Amino acid sequence: MLSPDLLADLSDWGLHLHERSFTQLSVDMLLRDLRRTVPSALGYTLVLGLASGLPEVSITVAHARLTPDQVLSSIAFDLPVAHGVVARVTFYAGLECAFDRLGDLLVASATFGPGGIELGRGVRETVEPGVQGLADYSRVNYAVGVLLARGKSFDQAHAHLRHLVEQHGSLEAAAEHVLLTFNA
Amino acid sequence: MTSTYIESLLKGVALDAALLDVALSAEQEVDEVHSAGAVVEREPDGRVLASTSTLAAEVDGVQYRSGQGPCLHAYRTNRVVLLDLGDDDRRWPTFQAAALAAGAHTVLSVPLRLDDVPIGSLNLYSRSRGAFSTKVIRTAELYARPAALRLSWCGVAVHAVDTAEVAALELQDRAVVERALGVLMAVHADPSVERARLRLEQAAAGMGLDLPLAAARVVAAPPGPAG
């Protein structure tokens, strides 16, 4: 069973999709598949970056939080996802060298290897199950919509946000500025 | 024979490397094996083959071109096939003639399984007559189980790609809906996301469209300021 925090975040994930979201089912199936293949597997983190300059969104899938003393090995590798999306996954396990075999196979694979594969001995910080970055992602999109309503094109809206980043320090802060001032 | 789920696990091209590893290891670790081949049947993409030497490559090639032979039989029936080419069993004459011509005298085909579903076979060739005792067959069978399981490593990586694609497509749909909400927030000079969402749902119902499609229309042609 997935952690309650993750389930709550995934419920929010599907909120704008009219209950047509398959992400929860898909991430749950991947966790089961991973644990069937590697019994010591504890979970994984999937990081997604859309090419259009939006904040990264990451999904950490596990039954509970993973502390550094629990995670004794990990492997991270890039995923060849279409549609201009940058994706990377990190698997975590409770035994040392649990992913060495997968690393060898990925290096030999034309699809995944040989670059970008990192075998690790654990994690430095506690890994919390849940979805991170989704709120920022949404706020930036709302801001883009506000700018579209002002007559800007999509490219002009993103250029405007990039310009605001210079004043406000981050994309998220730039989006908040647009949202706070849109009806002024 | 394989399920859709298993097929989805087998989509990765990393299968090539995994199968060659299975065949090489079997050749080294199973007694009396002089050449080995491994095959996974993927539907509808076709089969993936690997072999340790020309003997297995040539004889397996004859078998797959003719569509008949012990390896295919093992896969289709999910049962081990032991064939002594010197005895009276003539079920696959084309294959048997090719195997003898290549120097093989005994063939052992063991189903490769993933989650207990046959996905292909591990094919072992010996130049010795009467090779592969019951004990060796059991070894090969036991060996084929973890060998097949190792293929699921590829499946996990491919499954991760599929999961990322599902999530990415939904994020892209979300982006369109959220931009439409932003448009409606501005048009109605109302910063409430919930009310913007209600307006979008009403517009979608009026247009007879689902939310992402209605959102795409709003984003493509933002309405003027609300009166």
# chains A, B, ... in the order shown; residues from 1 in each chain; ligands from 1

call {"tool": "interface_residues", "arguments": {"of": "chain A", "to": "chain B", "cutoff": "6 Å", "atoms": "only C-alpha atoms", "output": "ChimeraX atom specification"}}
result
/A:23,26,79,102,109,141-142,144-146,149,183

call {"tool": "residues_around", "arguments": {"residues": "range 106-110 of chain B", "least_positions_apart": "2", "cutoff": "9 Å", "atoms": "only C-alpha atoms", "output": "NGL selection string"}}
result
:B and (70-75 or 78-86 or 99 or 104 or 112 or 120-132 or 137 or 140-141 or 144)

call {"tool": "write_last_selection", "arguments": {"atoms": "C-alpha atoms", "output": "CSV table (one decimal), in the first residue's frame"}}
result
chain,number,residue,atom,x,y,z
B,70,PRO,CA,12.0,-28.4,-30.2
B,71,CYS,CA,12.7,-24.9,-29.1
B,72,LEU,CA,9.4,-23.6,-30.5
B,73,HIS,CA,7.7,-26.6,-29.1
B,74,ALA,CA,9.1,-26.0,-25.6
B,75,TYR,CA,7.9,-22.4,-25.8
B,78,ASN,CA,5.7,-24.7,-21.7
B,79,ARG,CA,7.5,-28.1,-21.4
B,80,VAL,CA,11.1,-29.3,-21.6
B,81,VAL,CA,12.0,-31.1,-24.8
B,82,LEU,CA,14.9,-33.5,-25.0
B,83,LEU,CA,15.8,-34.7,-28.5
B,84,ASP,CA,18.4,-37.3,-29.3
B,85,LEU,CA,19.0,-36.9,-33.0
B,86,GLY,CA,20.1,-40.5,-33.3
B,99,ALA,CA,21.2,-29.9,-36.5
B,104,ALA,CA,24.8,-31.5,-32.9
B,112,LEU,CA,12.1,-19.4,-20.3
B,120,GLY,CA,10.6,-18.1,-25.1
B,121,SER,CA,13.1,-20.9,-24.7
B,122,LEU,CA,16.7,-21.7,-23.8
B,123,ASN,CA,18.2,-24.0,-26.3
B,124,LEU,CA,21.2,-26.2,-25.5
B,125,TYR,CA,23.1,-28.2,-28.1
B,126,SER,CA,25.6,-31.0,-27.5
B,127,ARG,CA,27.9,-32.7,-29.9
B,128,SER,CA,27.7,-35.8,-27.8
B,129,ARG,CA,25.2,-38.6,-28.4
B,130,GLY,CA,22.8,-39.3,-25.5
B,131,ALA,CA,23.9,-36.2,-23.7
B,132,PHE,CA,21.9,-34.5,-20.9
B,137,ILE,CA,18.0,-31.5,-17.4
B,140,ALA,CA,19.1,-26.6,-16.9
B,141,GLU,CA,15.5,-26.2,-15.8
B,144,ALA,CA,16.4,-21.4,-16.8

call {"tool": "select_by_dssp", "arguments": {"residues": "range 105-136 of chain B", "states": "strand (DSSP E or B)", "output": "ChimeraX atom specification"}}
result
/B:106-114,117-126

call {"tool": "residues_around", "arguments": {"residues": "Glu27 in chain B", "least_positions_apart": "4", "cutoff": "8 Å", "atoms": "only C-alpha atoms", "output": "PyMOL selection string"}}
result
chain B and resi 23+33-36+52+124

call {"tool": "select_by_dssp", "arguments": {"residues": "range 105-145 of chain A", "states": "alpha helix (DSSP H)", "output": "PyMOL selection string"}}
result
chain A and resi 105-107+134-145

call {"tool": "write_last_selection", "arguments": {"atoms": "N, CA and C atoms", "output": "CSV table (one decimal), in the first residue's frame"}}
result
chain,number,residue,atom,x,y,z
A,105,LEU,N,23.2,-4.4,-17.1
A,105,LEU,CA,22.3,-4.5,-18.2
A,105,LEU,C,22.0,-3.2,-18.9
A,106,LEU,N,21.9,-2.2,-18.1
A,106,LEU,CA,21.5,-0.9,-18.7
A,106,LEU,C,22.7,-0.3,-19.5
A,107,VAL,N,23.9,-0.5,-19.0
A,107,VAL,CA,25.1,0.0,-19.7
A,107,VAL,C,25.2,-0.7,-21.1
A,134,LEU,N,4.6,20.0,-7.7
A,134,LEU,CA,3.4,20.1,-8.4
A,134,LEU,C,2.7,21.5,-8.2
A,135,ALA,N,2.7,22.0,-6.9
A,135,ALA,CA,2.1,23.3,-6.6
A,135,ALA,C,2.8,24.4,-7.4
A,136,ASP,N,4.1,24.4,-7.4
A,136,ASP,CA,4.8,25.4,-8.2
A,136,ASP,C,4.5,25.3,-9.7
A,137,TYR,N,4.5,24.1,-10.2
A,137,TYR,CA,4.1,23.8,-11.6
A,137,TYR,C,2.8,24.4,-11.9
A,138,SER,N,1.8,24.2,-11.0
A,138,SER,CA,0.5,24.8,-11.3
A,138,SER,C,0.5,26.3,-11.2
A,139,ARG,N,1.2,26.9,-10.3
A,139,ARG,CA,1.2,28.3,-10.1
A,139,ARG,C,1.8,29.0,-11.4
A,140,VAL,N,2.8,28.4,-11.9
A,140,VAL,CA,3.5,28.9,-13.1
A,140,VAL,C,2.5,28.8,-14.3
A,141,ASN,N,1.8,27.7,-14.4
A,141,ASN,CA,0.8,27.6,-15.5
A,141,ASN,C,-0.4,28.6,-15.3
A,142,TYR,N,-0.8,28.8,-14.1
A,142,TYR,CA,-1.9,29.8,-13.9
A,142,TYR,C,-1.3,31.2,-14.4
A,143,ALA,N,-0.1,31.5,-14.1
A,143,ALA,CA,0.5,32.8,-14.5
A,143,ALA,C,0.6,32.9,-16.0
A,144,VAL,N,0.9,31.8,-16.6
A,144,VAL,CA,1.0,31.8,-18.1
A,144,VAL,C,-0.4,32.1,-18.7
A,145,GLY,N,-1.4,31.5,-18.0
A,145,GLY,CA,-2.8,31.7,-18.5
A,145,GLY,C,-3.2,33.2,-18.3

call {"tool": "closest_residue", "arguments": {"among": "A:Ala62, A:Leu50, A:Val81, A:Ala175", "to": "Asp28 in chain A", "atoms": "only C-alpha atoms"}}
result
A:Ala62

call {"tool": "atom_distance", "arguments": {"atom1": "CA of His16 in chain A", "atom2": "CA of Gln132 in chain A"}}
result
16.9 Å

call {"tool": "atom_distance", "arguments": {"atom1": "CA of Arg35 in chain A", "atom2": "CA of Ala93 in chain A"}}
result
9.2 Å

call {"tool": "residues_around", "arguments": {"residues": "Thr126 in chain A", "least_positions_apart": "5", "cutoff": "8 Å", "atoms": "only C-alpha atoms", "output": "VMD selection string"}}
result
chain A and resid 65 to 68

call {"tool": "write_last_selection", "arguments": {"atoms": "C-alpha atoms", "output": "compact mmCIF listing (two decimals), in the first residue's frame"}}
result
# COMPACT_ATOMS: atom_id res chain seq x y z
CA ARG A 65 9.68 7.56 4.45
CA LEU A 66 13.13 6.18 3.67
CA THR A 67 15.92 7.15 6.04
CA PRO A 68 19.63 7.10 5.16

call {"tool": "decode", "arguments": {"residues": "range 168-202 of chain B", "atoms": "N, CA and C atoms", "output": "short mmCIF file (atom, residue, chain, number, x, y, z; two decimals), in the first residue's frame"}}
result
data_model
loop_
_atom_site.label_atom_id
_atom_site.label_comp_id
_atom_site.auth_asym_id
_atom_site.auth_seq_id
_atom_site.Cartn_x
_atom_site.Cartn_y
_atom_site.Cartn_z
N ALA B 168 4.03 12.07 -17.62
CA ALA B 168 4.36 13.26 -18.41
C ALA B 168 3.17 13.73 -19.25
N LEU B 169 2.48 12.78 -19.85
CA LEU B 169 1.31 13.16 -20.65
C LEU B 169 0.24 13.80 -19.77
N GLU B 170 0.07 13.26 -18.57
CA GLU B 170 -0.93 13.85 -17.68
C GLU B 170 -0.48 15.22 -17.19
N LEU B 171 0.82 15.38 -16.97
CA LEU B 171 1.31 16.71 -16.58
C LEU B 171 1.06 17.72 -17.70
N GLN B 172 1.24 17.27 -18.94
CA GLN B 172 0.99 18.16 -20.07
C GLN B 172 -0.49 18.53 -20.15
N ASP B 173 -1.36 17.55 -19.91
CA ASP B 173 -2.81 17.85 -19.87
C ASP B 173 -3.12 18.83 -18.74
N ARG B 174 -2.49 18.56 -17.60
CA ARG B 174 -2.68 19.47 -16.45
C ARG B 174 -2.28 20.88 -16.81
N ALA B 175 -1.15 21.02 -17.50
CA ALA B 175 -0.65 22.35 -17.85
C ALA B 175 -1.69 23.11 -18.68
N VAL B 176 -2.30 22.43 -19.63
CA VAL B 176 -3.30 23.08 -20.49
C VAL B 176 -4.49 23.53 -19.63
N VAL B 177 -4.96 22.64 -18.75
CA VAL B 177 -6.11 22.98 -17.90
C VAL B 177 -5.74 24.15 -16.99
N GLU B 178 -4.54 24.10 -16.42
CA GLU B 178 -4.14 25.17 -15.49
C GLU B 178 -3.98 26.51 -16.20
N ARG B 179 -3.48 26.49 -17.42
CA ARG B 179 -3.37 27.75 -18.17
C ARG B 179 -4.76 28.30 -18.47
N ALA B 180 -5.69 27.39 -18.79
CA ALA B 180 -7.06 27.84 -19.03
C ALA B 180 -7.65 28.44 -17.76
N LEU B 181 -7.34 27.84 -16.62
CA LEU B 181 -7.82 28.41 -15.36
C LEU B 181 -7.25 29.80 -15.15
N GLY B 182 -5.97 29.95 -15.49
CA GLY B 182 -5.34 31.27 -15.38
C GLY B 182 -6.03 32.29 -16.28
N VAL B 183 -6.35 31.86 -17.50
CA VAL B 183 -7.07 32.74 -18.43
C VAL B 183 -8.39 33.18 -17.80
N LEU B 184 -9.13 32.22 -17.26
CA LEU B 184 -10.46 32.55 -16.70
C LEU B 184 -10.35 33.40 -15.44
N MET B 185 -9.28 33.16 -14.66
CA MET B 185 -9.05 34.01 -13.48
C MET B 185 -8.87 35.46 -13.91
N ALA B 186 -8.10 35.66 -14.98
CA ALA B 186 -7.83 37.03 -15.45
C ALA B 186 -9.07 37.64 -16.08
N VAL B 187 -9.76 36.85 -16.92
CA VAL B 187 -10.93 37.37 -17.64
C VAL B 187 -12.01 37.82 -16.65
N HIS B 188 -12.17 37.06 -15.57
CA HIS B 188 -13.22 37.38 -14.59
C HIS B 188 -12.67 38.18 -13.41
N ALA B 189 -11.41 38.57 -13.50
CA ALA B 189 -10.77 39.32 -12.41
C ALA B 189 -11.06 38.67 -11.06
N ASP B 190 -10.93 37.38 -11.03
CA ASP B 190 -11.26 36.61 -9.84
C ASP B 190 -10.12 35.62 -9.58
N PRO B 191 -9.35 35.79 -8.50
CA PRO B 191 -8.18 34.94 -8.28
C PRO B 191 -8.49 33.54 -7.74
N SER B 192 -9.74 33.21 -7.58
CA SER B 192 -10.08 31.90 -7.02
C SER B 192 -9.90 30.80 -8.07
N VAL B 193 -9.03 29.87 -7.77
CA VAL B 193 -8.82 28.72 -8.66
C VAL B 193 -10.08 27.86 -8.71
N GLU B 194 -10.72 27.70 -7.57
CA GLU B 194 -11.92 26.85 -7.51
C GLU B 194 -13.02 27.42 -8.40
N ARG B 195 -13.21 28.74 -8.33
CA ARG B 195 -14.29 29.32 -9.16
C ARG B 195 -13.92 29.27 -10.64
N ALA B 196 -12.63 29.48 -10.92
CA ALA B 196 -12.20 29.37 -12.32
C ALA B 196 -12.45 27.95 -12.84
N ARG B 197 -12.19 26.99 -11.99
CA ARG B 197 -12.40 25.60 -12.37
C ARG B 197 -13.89 25.32 -12.62
N LEU B 198 -14.72 25.90 -11.76
CA LEU B 198 -16.16 25.73 -11.96
C LEU B 198 -16.60 26.35 -13.29
N ARG B 199 -16.04 27.51 -13.60
CA ARG B 199 -16.39 28.16 -14.88
C ARG B 199 -15.93 27.30 -16.06
N LEU B 200 -14.74 26.72 -15.92
CA LEU B 200 -14.23 25.88 -17.01
C LEU B 200 -15.10 24.63 -17.17
N GLU B 201 -15.50 24.05 -16.06
CA GLU B 201 -16.36 22.86 -16.14
C GLU B 201 -17.70 23.19 -16.80
N GLN B 202 -18.23 24.36 -16.46
CA GLN B 202 -19.50 24.77 -17.08
C GLN B 202 -19.32 25.00 -18.58
#
